[in-house]
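Comments concern the structure below.
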Number of protein chains: 2
Amino acid sequence: MKIGLLGFGVVGTGVYDIIVSGTTPELSDIEVKRIISLVVPEGFEHLVTKDINDIVNDDEIELVVEAMGGLHPAYEFVMACIEKGKHVVSSNKHLVSNYFVELHEAAVKNGVQLRFTPSTGGGIPWLSSLKRARRSDEIEELWGIVNGTTNFILDSMLKENTDFDVALREAQRLGYAEADPSADIDGLDTQRKCIISANLAFDAIVKEESVPVFGIRNITHDDVEYFTNNGMVCKLFANAGRNEDGSIYAYVAPVLLDKSSLEAGVDSNYNSITYVGKFVGRSTYMGQGAGKFPTGNSVVQDILDTMFDDATLKREYNSVEVNNSLNLHKYYVRTMGKLEAFLDIVEKEEGNSRYITKPVSIACIKALSEELYKDCPQSFFAQIK
Amino acid sequence: MKIGLLGFGVVGTGVYDIIVSGTTPELSDIEVKRIISLVVPEGFEHLVTKDINDIVNDDEIELVVEAMGGLHPAYEFVMACIEKGKHVVSSNKHLVSNYFVELHEAAVKNGVQLRFTPSTGGGIPWLSSLKRARRSDEIEELWGIVNGTTNFILDSMLKENTDFDVALREAQRLGYAEADPSADIDGLDTQRKCIISANLAFDAIVKEESVPVFGIRNITHDDVEYFTNNGMVCKLFANAGRNEDGSIYAYVAPVLLDKSSLEAGVDSNYNSITYVGKFVGRSTYMGQGAGKFPTGNSVVQDILDTMFDDATLKREYNSVEVNNSLNLHKYYVRTMGKLEAFLDIVEKEEGNSRYITKPVSIACIKALSEELYKDCPQSFFAQIK
């Protein structure tokens, strides 16, 4: 199969290198015919073009890999390829979570396959496994660590006994965090992956605005010390599941886990994602959530599935009611904010502006947090599992 | 697709229930036409037969599920079906590890698919993921917990502070361990799963006699207490990998892990298996390693792959040199045995007949253990990771 690469950065070059250097018989059936890139690396002059039409109008190219990132022009490029009957593999969570419906409907209409396993979990075959699971099983809930940058920061703060800023700078030095780390530390990257996972798990169309997010920007050395002294480890989780009434819950929040729990052992920049199936029970996938070769390999696996696998789920995705008010948890809250409605749900004061709440919903704590942030922008919130 | 079930015990009834009660469109394409069973449950008179020829000679049956267990007559039944052009899905690790070559060659010769994901890891899509990974990646090593019974025992000894016999009886009461638990606690079940995994990972034919095994039969409350006091957790691991000279290592042994490591958090009767790929890095799969619905679901997934997936690896499996003398680890040894060759490799005495060795190979410690067991049959050995 001849393919085109849209984007030739970290992921795009990883895909190219695996296809060219890999040794398996399956890989020898894939050929990179064209690459869209603004820079032309030496030796790639015959492959690189800046004009998307060189790919769109090349009927020999049956599949495109979108690894550009961002919403535009990625969306326009991908849609143009779909409309010309080309299969698409995308590693771009921002694109897939924003335009899930549009991309899915265009793919169905044009009879092409749309795959995006690398968009969530990087090198982990999470989305492809979730789709395979859905052939026979019902998903009840899913959760996990889907952002390596924040896991690296939280793990460093715990093990190196450092403060947030030091851990963040180390993550940036190692290339795990961007110069502007907001999408990671404020939980937006996790939110996008939560939405994509929930859509596949529940045949759903989950909207961004219905998924509350708490990030880790405000976590301090003192918070981590308190957690450690109480036998707990803090991780940033994507959470989604089906409520008893059939509605869906979906949210992103730091969680406090018992130190002997599985996810407490997920170190460095690794990811770990779990679903609970009606038949299969708890099923967990762990590995590298990012990086040139892990994510590149995930792209290549999606290409191979497009070539060999006739089992693409034929599903309709439906708008769902998201209801985040049904599941109750206790929360750890550190805040100098004063709010009567908040004091009403406090079960225990732990000193130094720390509180443990009674069991409340994520919707409730989100609403209160917006008020508390006004008084105290440094407030920190974590769910106690 | 019409299928036949060979065996209607825990796994067979799980497969039947999932196919009949499942709600996905994919499941509605599967129909159980015949069941081989010595007992005939009420309501199943029209499906059950005791005569394998009723399945072998029924040309409408395109696939058989072998969930009988044991070597005979499972082997003869499966071979008869393959020779009649029927695909096979087997949950029987004993059969698959013993007759790997014969079954593979017969399947190739007769142009049928042979799948056995449920034989290793129960409900975990470990073998199917390993096969998918091998389409693009090279496996460097694999390890993990593949026996839920021993994990339950080790976890109980740690968390309930009980001795081995108490934990074993509790495992038997809950149906996790057989009346004769030898295959589990002596590591033979783990050895079979180690062989099957290594065969797929390295295109290899690994022979049982080349895979050294240490079990957990002799572990005591005092051992576990010592591990806990030293920040370690004991798990039974299958281990396999490629040595630098191209040969393979493969062995089964209890390992001592740092208490914050991932596998230390694998609780109860769960399994957790990891491979390291050249491209993808560490990739871990965790879930229910046994049970009616988890394993039944794994069978059903293999049936769906047979129906929809054209990507069965076309691989030749080759006899390989197994060399267990190249990787060196320290070992924890508790023994009253006296042996000069053993004292030569001791680095540290820890009191109460406990020793920590210098780094030695599994081949070396296996050879010494056979002498030490003669003096002291209660000796216990664990690799320090």
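Chain labels A, B, ... are given in the sequence in which chains occur in the structure tokens; within each chain residues are numbered consecutively from 1, and ligands are likewise numbered from 1 in the order shown.
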Chain B residues near chain A within 8 Å, closest pair each, using only C-alpha atoms, as JSON lines:
```
{"residue": "B:Ile18", "atom": "CA", "partner": "A:Phe279", "partner_atom": "CA", "distance": 7.8}
{"residue": "B:Gly22", "atom": "CA", "partner": "A:Ser136", "partner_atom": "CA", "distance": 6.6}
{"residue": "B:Thr23", "atom": "CA", "partner": "A:Ser136", "partner_atom": "CA", "distance": 7.7}
{"residue": "B:Thr24", "atom": "CA", "partner": "A:Ser136", "partner_atom": "CA", "distance": 6.0}
{"residue": "B:Pro25", "atom": "CA", "partner": "A:Arg135", "partner_atom": "CA", "distance": 7.6}
{"residue": "B:Glu26", "atom": "CA", "partner": "A:Arg135", "partner_atom": "CA", "distance": 5.7}
{"residue": "B:Leu27", "atom": "CA", "partner": "A:Ser136", "partner_atom": "CA", "distance": 6.2}
{"residue": "B:Gly123", "atom": "CA", "partner": "A:Val280", "partner_atom": "CA", "distance": 5.8}
{"residue": "B:Ile124", "atom": "CA", "partner": "A:Ser283", "partner_atom": "CA", "distance": 6.8}
{"residue": "B:Arg132", "atom": "CA", "partner": "A:Gln301", "partner_atom": "CA", "distance": 7.7}
{"residue": "B:Ala133", "atom": "CA", "partner": "A:Gln301", "partner_atom": "CA", "distance": 7.6}
{"residue": "B:Arg134", "atom": "CA", "partner": "A:Thr24", "partner_atom": "CA", "distance": 7.6}
{"residue": "B:Arg135", "atom": "CA", "partner": "A:Glu26", "partner_atom": "CA", "distance": 5.7}
{"residue": "B:Ser136", "atom": "CA", "partner": "A:Thr24", "partner_atom": "CA", "distance": 6.0}
{"residue": "B:Asp137", "atom": "CA", "partner": "A:Gly22", "partner_atom": "CA", "distance": 7.1}
{"residue": "B:Lys259", "atom": "CA", "partner": "A:Ser260", "partner_atom": "CA", "distance": 7.9}
{"residue": "B:Ser260", "atom": "CA", "partner": "A:Gly265", "partner_atom": "CA", "distance": 5.4}
{"residue": "B:Ser261", "atom": "CA", "partner": "A:Gly265", "partner_atom": "CA", "distance": 5.1}
{"residue": "B:Leu262", "atom": "CA", "partner": "A:Gly265", "partner_atom": "CA", "distance": 4.3}
{"residue": "B:Glu263", "atom": "CA", "partner": "A:Leu262", "partner_atom": "CA", "distance": 7.5}
{"residue": "B:Ala264", "atom": "CA", "partner": "A:Ser260", "partner_atom": "CA", "distance": 7.5}
{"residue": "B:Gly265", "atom": "CA", "partner": "A:Leu262", "partner_atom": "CA", "distance": 4.3}
{"residue": "B:Val266", "atom": "CA", "partner": "A:Leu262", "partner_atom": "CA", "distance": 6.0}
{"residue": "B:Phe279", "atom": "CA", "partner": "A:Phe293", "partner_atom": "CA", "distance": 5.0}
{"residue": "B:Val280", "atom": "CA", "partner": "A:Pro294", "partner_atom": "CA", "distance": 4.0}
{"residue": "B:Gly281", "atom": "CA", "partner": "A:Pro294", "partner_atom": "CA", "distance": 6.7}
{"residue": "B:Arg282", "atom": "CA", "partner": "A:Gly287", "partner_atom": "CA", "distance": 5.5}
{"residue": "B:Ser283", "atom": "CA", "partner": "A:Gly287", "partner_atom": "CA", "distance": 4.5}
{"residue": "B:Thr284", "atom": "CA", "partner": "A:Met286", "partner_atom": "CA", "distance": 4.8}
{"residue": "B:Tyr285", "atom": "CA", "partner": "A:Tyr285", "partner_atom": "CA", "distance": 4.9}
{"residue": "B:Met286", "atom": "CA", "partner": "A:Thr284", "partner_atom": "CA", "distance": 4.8}
{"residue": "B:Gly287", "atom": "CA", "partner": "A:Ser283", "partner_atom": "CA", "distance": 4.5}
{"residue": "B:Gln288", "atom": "CA", "partner": "A:Gly281", "partner_atom": "CA", "distance": 6.8}
{"residue": "B:Phe293", "atom": "CA", "partner": "A:Phe279", "partner_atom": "CA", "distance": 5.1}
{"residue": "B:Pro294", "atom": "CA", "partner": "A:Val280", "partner_atom": "CA", "distance": 4.0}
{"residue": "B:Thr295", "atom": "CA", "partner": "A:Val280", "partner_atom": "CA", "distance": 7.5}
{"residue": "B:Asn297", "atom": "CA", "partner": "A:Val280", "partner_atom": "CA", "distance": 6.3}
{"residue": "B:Val300", "atom": "CA", "partner": "A:Ser136", "partner_atom": "CA", "distance": 7.2}
{"residue": "B:Gln301", "atom": "CA", "partner": "A:Ser136", "partner_atom": "CA", "distance": 7.0}
{"residue": "B:Leu304", "atom": "CA", "partner": "A:Arg135", "partner_atom": "CA", "distance": 7.9}
{"residue": "B:Asp305", "atom": "CA", "partner": "A:Ala311", "partner_atom": "CA", "distance": 7.9}
{"residue": "B:Phe308", "atom": "CA", "partner": "A:Ala311", "partner_atom": "CA", "distance": 5.1}
{"residue": "B:Asp309", "atom": "CA", "partner": "A:Asp309", "partner_atom": "CA", "distance": 4.6}
{"residue": "B:Asp310", "atom": "CA", "partner": "A:Phe308", "partner_atom": "CA", "distance": 5.2}
{"residue": "B:Ala311", "atom": "CA", "partner": "A:Phe308", "partner_atom": "CA", "distance": 5.1}
```
I need the strand (DSSP E) residues of region 81-260 of chain B per DSSP on the backbone, written as a short mmCIF file (atom, residue, chain, number, x, y, z; two decimals) with N, CA and C atoms, in the first residue's frame.
```
data_model
loop_
_atom_site.label_atom_id
_atom_site.label_comp_id
_atom_site.auth_asym_id
_atom_site.auth_seq_id
_atom_site.Cartn_x
_atom_site.Cartn_y
_atom_site.Cartn_z
N HIS B 87 -11.33 -24.30 11.36
CA HIS B 87 -10.48 -23.45 12.19
C HIS B 87 -10.58 -23.90 13.65
N VAL B 88 -9.53 -23.60 14.43
CA VAL B 88 -9.51 -24.01 15.84
C VAL B 88 -9.17 -22.83 16.74
N VAL B 89 -9.94 -22.69 17.82
CA VAL B 89 -9.58 -21.79 18.92
C VAL B 89 -9.46 -22.65 20.17
N SER B 90 -8.31 -22.60 20.83
CA SER B 90 -8.10 -23.44 22.01
C SER B 90 -7.76 -22.61 23.23
N LEU B 114 -5.41 -21.22 13.44
CA LEU B 114 -5.27 -21.80 14.78
C LEU B 114 -4.99 -20.64 15.72
N ARG B 115 -5.90 -20.42 16.67
CA ARG B 115 -5.72 -19.32 17.64
C ARG B 115 -5.84 -19.86 19.05
N ILE B 139 10.47 -8.22 19.38
CA ILE B 139 10.34 -8.37 20.84
C ILE B 139 11.73 -8.64 21.42
N GLU B 140 12.10 -7.86 22.42
CA GLU B 140 13.41 -8.05 23.06
C GLU B 140 13.31 -8.94 24.29
N GLU B 141 12.27 -8.74 25.10
CA GLU B 141 12.08 -9.61 26.25
C GLU B 141 10.64 -9.55 26.71
N LEU B 142 10.25 -10.51 27.53
CA LEU B 142 8.90 -10.51 28.11
C LEU B 142 8.98 -11.11 29.50
N TRP B 143 8.05 -10.68 30.35
CA TRP B 143 8.00 -11.21 31.71
C TRP B 143 6.63 -10.95 32.29
N GLY B 144 6.32 -11.66 33.36
CA GLY B 144 5.10 -11.30 34.07
C GLY B 144 4.47 -12.41 34.86
N ILE B 145 3.35 -12.03 35.46
CA ILE B 145 2.55 -12.91 36.32
C ILE B 145 1.47 -13.53 35.45
N ALA B 204 9.78 -19.07 17.67
CA ALA B 204 10.64 -20.14 18.20
C ALA B 204 9.84 -21.39 18.54
N ILE B 205 10.56 -22.47 18.70
CA ILE B 205 9.98 -23.68 19.27
C ILE B 205 10.79 -23.97 20.53
N MET B 232 10.57 -5.31 49.74
CA MET B 232 10.40 -6.12 48.53
C MET B 232 9.09 -6.89 48.57
N VAL B 233 8.58 -7.20 47.36
CA VAL B 233 7.36 -8.00 47.22
C VAL B 233 7.69 -9.18 46.32
N CYS B 234 7.23 -10.39 46.69
CA CYS B 234 7.53 -11.61 45.91
C CYS B 234 6.39 -11.94 44.94
N LYS B 235 6.73 -12.16 43.66
CA LYS B 235 5.76 -12.58 42.64
C LYS B 235 6.38 -13.72 41.85
N LEU B 236 5.53 -14.59 41.28
CA LEU B 236 6.04 -15.67 40.42
C LEU B 236 6.00 -15.19 38.96
N PHE B 237 7.16 -15.18 38.32
CA PHE B 237 7.28 -14.63 36.96
C PHE B 237 7.62 -15.71 35.93
N ALA B 238 6.99 -15.61 34.78
CA ALA B 238 7.53 -16.21 33.55
C ALA B 238 8.48 -15.18 32.95
N ASN B 239 9.65 -15.63 32.48
CA ASN B 239 10.67 -14.74 31.91
C ASN B 239 11.18 -15.31 30.61
N ALA B 240 11.29 -14.49 29.59
CA ALA B 240 11.92 -14.96 28.35
C ALA B 240 12.48 -13.76 27.61
N GLY B 241 13.49 -13.98 26.78
CA GLY B 241 14.06 -12.86 26.03
C GLY B 241 15.14 -13.36 25.08
N ARG B 242 15.66 -12.40 24.33
CA ARG B 242 16.71 -12.73 23.38
C ARG B 242 18.05 -12.30 23.97
N ILE B 248 18.01 -17.63 22.98
CA ILE B 248 16.84 -17.25 23.78
C ILE B 248 17.06 -17.67 25.22
N TYR B 249 16.59 -16.87 26.17
CA TYR B 249 16.50 -17.39 27.53
C TYR B 249 15.04 -17.53 27.90
N ALA B 250 14.74 -18.49 28.78
CA ALA B 250 13.36 -18.73 29.21
C ALA B 250 13.40 -19.49 30.51
N TYR B 251 12.74 -18.96 31.53
CA TYR B 251 12.69 -19.64 32.82
C TYR B 251 11.55 -19.10 33.66
N VAL B 252 11.24 -19.85 34.71
CA VAL B 252 10.16 -19.48 35.64
C VAL B 252 10.77 -19.42 37.03
N ALA B 253 10.55 -18.32 37.74
CA ALA B 253 11.08 -18.22 39.11
C ALA B 253 10.32 -17.17 39.88
N PRO B 254 10.22 -17.35 41.22
CA PRO B 254 9.75 -16.24 42.05
C PRO B 254 10.75 -15.10 41.94
N VAL B 255 10.25 -13.87 41.90
CA VAL B 255 11.15 -12.71 41.84
C VAL B 255 10.81 -11.78 42.99
N LEU B 256 11.82 -11.06 43.45
CA LEU B 256 11.62 -10.07 44.50
C LEU B 256 11.70 -8.68 43.87
N LEU B 257 10.57 -7.96 43.93
CA LEU B 257 10.47 -6.65 43.29
C LEU B 257 10.45 -5.56 44.35
N ASP B 258 10.93 -4.39 43.97
CA ASP B 258 10.76 -3.23 44.84
C ASP B 258 9.26 -3.00 45.06
#
```
Among A:Cys376, A:Ile55, A:Ala179, A:Met157, Asp222 (chain A) is approached most closely, using only C-alpha atoms, by A:Met157
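Distances from B:Pro118, B:Asp344, B:Thr228, B:Leu71 to Asp155 (chain B) were compared using only C-alpha atoms, and the smallest one belongs to B:Thr228.
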Using only C-alpha atoms, which residues sit within 12 Å of Ala74 (chain A) once same-chain residues fewer than 4 positions away are excluded, as a PyMOL selection string? chain A and resi 5-7+36+52+64-70+78-81+88+90-96+98-99+103
Got a sec: who's within 8 Å of Thr357 (chain B), counting only C-alpha atoms, leaving out chain neighbours fewer than 3 positions off, as a PDB file with C-alpha atoms, in the first residue's frame?
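Just written: result.pdb:
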```pdb
ATOM      1  CA  LYS B 330      21.324 -12.039  42.683  1.00  0.00           C
ATOM      2  CA  TYR B 331      19.152 -14.645  44.379  1.00  0.00           C
ATOM      3  CA  TYR B 332      17.526 -14.945  47.778  1.00  0.00           C
ATOM      4  CA  VAL B 333      18.052 -18.498  49.035  1.00  0.00           C
ATOM      5  CA  ILE B 345      28.480 -17.827  45.343  1.00  0.00           C
ATOM      6  CA  VAL B 346      27.058 -16.417  48.596  1.00  0.00           C
ATOM      7  CA  GLU B 347      27.600 -12.700  48.951  1.00  0.00           C
ATOM      8  CA  LYS B 348      25.811 -12.136  52.236  1.00  0.00           C
ATOM      9  CA  VAL B 360      24.733 -15.730  38.919  1.00  0.00           C
TER      10      VAL B 360
END
```
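Straight-line separation from CA of Ile196 (chain A) to CA of Lys131 (chain A): 11.6 Å.
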Go through region 39-247 of chain B and collect every residue that DSSP, computed from the backbone, puts in alpha helix (DSSP H); the answer should be as a VMD selection string. chain B and resid 53 to 56 74 to 83 93 to 98 100 to 110 126 to 133 148 to 159 164 to 173 182 to 185 188 to 202 221 to 229
Do a neighbour search on Asp58 (chain A) at 12 Å with only C-alpha atoms, toss out local chain neighbours closer than 5 positions, and write the hits as number ranges by chain.
A: 2-4, 33-34, 51-53, 63-64, 81, 84-86
Based on the selection just made, write N, CA and C atoms of those residues as a compact mmCIF listing (two decimals), in the first residue's frame.
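Output file selection_27.txt is given in full below:
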```
# COMPACT_ATOMS: atom_id res chain seq x y z
N LYS A 2 0.57 2.16 -0.89
CA LYS A 2 1.32 3.44 -0.93
C LYS A 2 0.61 4.45 -0.03
N ILE A 3 1.40 5.14 0.78
CA ILE A 3 0.81 6.08 1.74
C ILE A 3 1.45 7.46 1.62
N GLY A 4 0.74 8.46 2.15
CA GLY A 4 1.27 9.81 2.25
C GLY A 4 1.35 10.21 3.71
N LYS A 33 5.02 7.27 -0.18
CA LYS A 33 5.20 7.86 -1.52
C LYS A 33 5.40 9.38 -1.48
N ARG A 34 4.74 10.04 -0.55
CA ARG A 34 4.81 11.51 -0.49
C ARG A 34 4.75 11.98 0.95
N ASP A 51 2.63 21.07 -1.14
CA ASP A 51 1.29 21.21 -1.72
C ASP A 51 0.44 19.97 -1.43
N ILE A 52 -0.59 20.14 -0.61
CA ILE A 52 -1.46 19.02 -0.24
C ILE A 52 -2.07 18.35 -1.47
N ASN A 53 -2.25 19.13 -2.54
CA ASN A 53 -2.87 18.55 -3.74
C ASN A 53 -2.01 17.46 -4.37
N LEU A 63 -3.77 5.75 1.50
CA LEU A 63 -3.93 6.06 2.93
C LEU A 63 -3.03 7.24 3.28
N VAL A 64 -3.54 8.14 4.13
CA VAL A 64 -2.68 9.21 4.64
C VAL A 64 -2.57 9.13 6.16
N CYS A 81 -8.65 14.47 1.81
CA CYS A 81 -8.18 13.10 1.52
C CYS A 81 -9.33 12.10 1.63
N LYS A 84 -11.53 12.09 -1.27
CA LYS A 84 -10.93 11.44 -2.45
C LYS A 84 -10.79 9.93 -2.24
N GLY A 85 -11.44 9.40 -1.15
CA GLY A 85 -11.45 7.95 -0.95
C GLY A 85 -10.20 7.39 -0.30
N LYS A 86 -9.45 8.22 0.39
CA LYS A 86 -8.25 7.72 1.06
C LYS A 86 -8.55 7.41 2.53
```
Across B:Val224, B:Cys194, B:Leu38, B:Val112, the smallest distance to Val206 (chain B), with only C-alpha atoms counted, is shown by B:Cys194
